[in-house]
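Following: one structure in C-alpha cells, then a few remarks.
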Amino acid sequence: PRPPAPQALPSPSAPSLERRRYTAAPPTMIPSIYTRSALLFAVASAFQPRNLIIGRSSLASRSIRSNSNRPRLQMTQGPFPELTVFDLDACFWDEEMYTLSKIPDESNIVKGDLNGRGEGVIGVMSGRTRISLHKGSLLAMQAHHDNKYPGMKVCFASSADTPLAEKIGRASLKLLEVVPGVTVWDLVVGRDWDGEDINQIGRQPPLSSNKSATHFPILRELTRVRYDRMLFFDDCQWGDHCGQVERACKESATGKGPVTVRTPFGLGVDEWAEGLEKYAKTYQAVDGADNYNIKK
C-alpha cells in the first residue's frame, strides 16, 4: 500500500488559524484593565448599603440624604414637647467643632437669605470652614420664633470634645441668625430662659461623654421639665445617644423617657416633622389627647 503523504508544515511566516483569529478580533472585545476596574467599582457601588456610616465628619458634610425621596411628613398640630433638646455637631449644624481651631467673631459672618425671611447671618467662618444650620434646624427655629409651638422651649446638649470646641460652639450660636437681627442665642437663651444659659455643652466635669448620665439629668433639674415631656435630636454617629437617653432617663410615674430621633445626615425638614409627630403620638398614648392640659 501507498504510504500516506507527509503533511506540509506551516511556514514560519504564515500565522496559524488560532493566531489569525486572535489578531483579527477587534480591540474592543478585550477590555482594558481600567475598563474592568470601572465595571467592578460600579457593581460594588450598586450593592453598597446606603446608610453605611463611613465617618462622622464625612456624613456631616453630605448634602444628599438617603431618604430624600421619602414623602415629607405633615407637621403635627400638637401636643408639643415642653422641651426640645438638640445636639449640635452634625445635627443642628453641619460641622464638627473638634475639627476647628478658631473661635469666630463678627468679622467672620457670612450673609445670605434666611429661608425667605430676609438677609441675615447664614454662616460663620472658623478659619476656612463655614458653619451653617441644617435646613430642618433653621425651619424649627423660625417656627419657634413665630410661637407656632405653644409651651415649647429649646436648649442644647452637646458632648463637644474639647474646651476650645465648646467655645467655638457657643460663639457660633451667638452669631448665626434665625431671622434678621435675631440670633439662635437670642431666641434660646434670651427669650426661652430669660438670659440664663442652661445649655449643656462639652464633656468637662460635671459633664461627660455620656449625655444620659450627665447632660439630661442636669437639664431635668434646671428646667423642671419631665423626661417624658422632652424631644431629643442627635446624629448618633459616635454612639447611640438617643438609645442611651431613652433607656436611662425615665419618669417613674410613666416609665417613659424623652422621645428621640436620630439624624445621621443632619436635622432635615423631614426629621423635624417626624419628631413632632412621634412626640404627639407618644404623648397621647401615655396621657390621652383629652388630658393634655390636665396632666401636664
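The way I read the labels, and the way they are meant: chains A, B, ... in the order of the C-alpha cells, residue 1 as the first residue of every chain, and ligand 1 as the first ligand shown, with later ones counted on from there.
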Item to check | Test item: residues at most 9 Å from A:Val124, only C-alpha atoms, excluding those fewer than 3 positions along its chain, as a ChimeraX atom specification | outcome: /A:104-111,121,129-132,172,175-176
Next on the checklist: Measuring between only C-alpha atoms, which one of A:Arg224, A:Thr214, A:Asp94, A:Ala165 shows the shortest distance to A:Gln244?
Outcome noted: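 Ranked by minimum distance to A:Gln244, first place goes to A:Thr214.
Closest approach to A:Ser137 among A:Phe265, A:Tyr149, A:Phe86, A:Tyr98: A:Phe86, based on only C-alpha atoms.
Distances here use only C-alpha atoms; by that measure, the residue among A:Glu95, A:Lys256, A:Pro217, A:Val154 closest to A:Leu187 is A:Val154.
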Checklist entry - Of the candidates A:Ala285, A:Val85, A:Ala160, A:Met141, which shows the shortest atom-to-atom distance to A:Val184, using only C-alpha atoms? => result A:Met141
Item to check | Residue nearest A:Pro206 among A:Ile122, A:Trp185, A:Ala253, A:Ser159 (counting only C-alpha atoms) | outcome: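 Result for the nearest residue to A:Pro206: A:Ser159.
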Next on the checklist: I need the residues of stretch 144-215 of chain A that end up classed as strand (DSSP E or B) by DSSP on the backbone, written out as a list in words.
Outcome noted: Lys153, Val154, Cys155, Phe156, Ala157, Ser158, Glu177, Val178, Val179, Val182, Thr183, Gln200 and Ile201 of chain A
Shell around A:Pro180 at 7 Å using only C-alpha atoms, local window under 6 positions removed, as a tab-separated table (two decimals) with all heavy atoms, in the first residue's frame:
```tsv
chain	number	residue	atom	x	y	z
A	118	GLY	N	-35.62	87.23	54.70
A	118	GLY	CA	-34.75	88.39	54.59
A	118	GLY	C	-33.29	87.99	54.68
A	118	GLY	O	-32.95	86.81	54.86
A	119	GLU	N	-32.40	88.96	54.54
A	119	GLU	CA	-30.97	88.70	54.58
A	119	GLU	C	-30.47	88.74	56.02
A	119	GLU	O	-30.80	89.64	56.79
A	119	GLU	CB	-30.21	89.73	53.75
A	119	GLU	CG	-28.71	89.43	53.68
A	119	GLU	CD	-27.94	90.48	52.88
A	119	GLU	OE1	-27.82	91.62	53.37
A	119	GLU	OE2	-27.45	90.13	51.79
A	120	GLY	N	-29.69	87.73	56.36
A	120	GLY	CA	-29.11	87.67	57.69
A	120	GLY	C	-27.89	86.78	57.70
A	120	GLY	O	-27.37	86.39	56.64
```
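Atom CA of A:Ala273 is positioned 25.5 Å from atom CA of A:Lys174.
Among the candidates A:Gly257, A:Gly123, A:Gly136, A:Gly78, the residue lying nearest to A:Glu177 is A:Gly123 (atoms considered: only C-alpha atoms).
Atom CA of A:Met152 to atom CA of A:Pro81 spans 5.8 Å [interatomic distance, one decimal].
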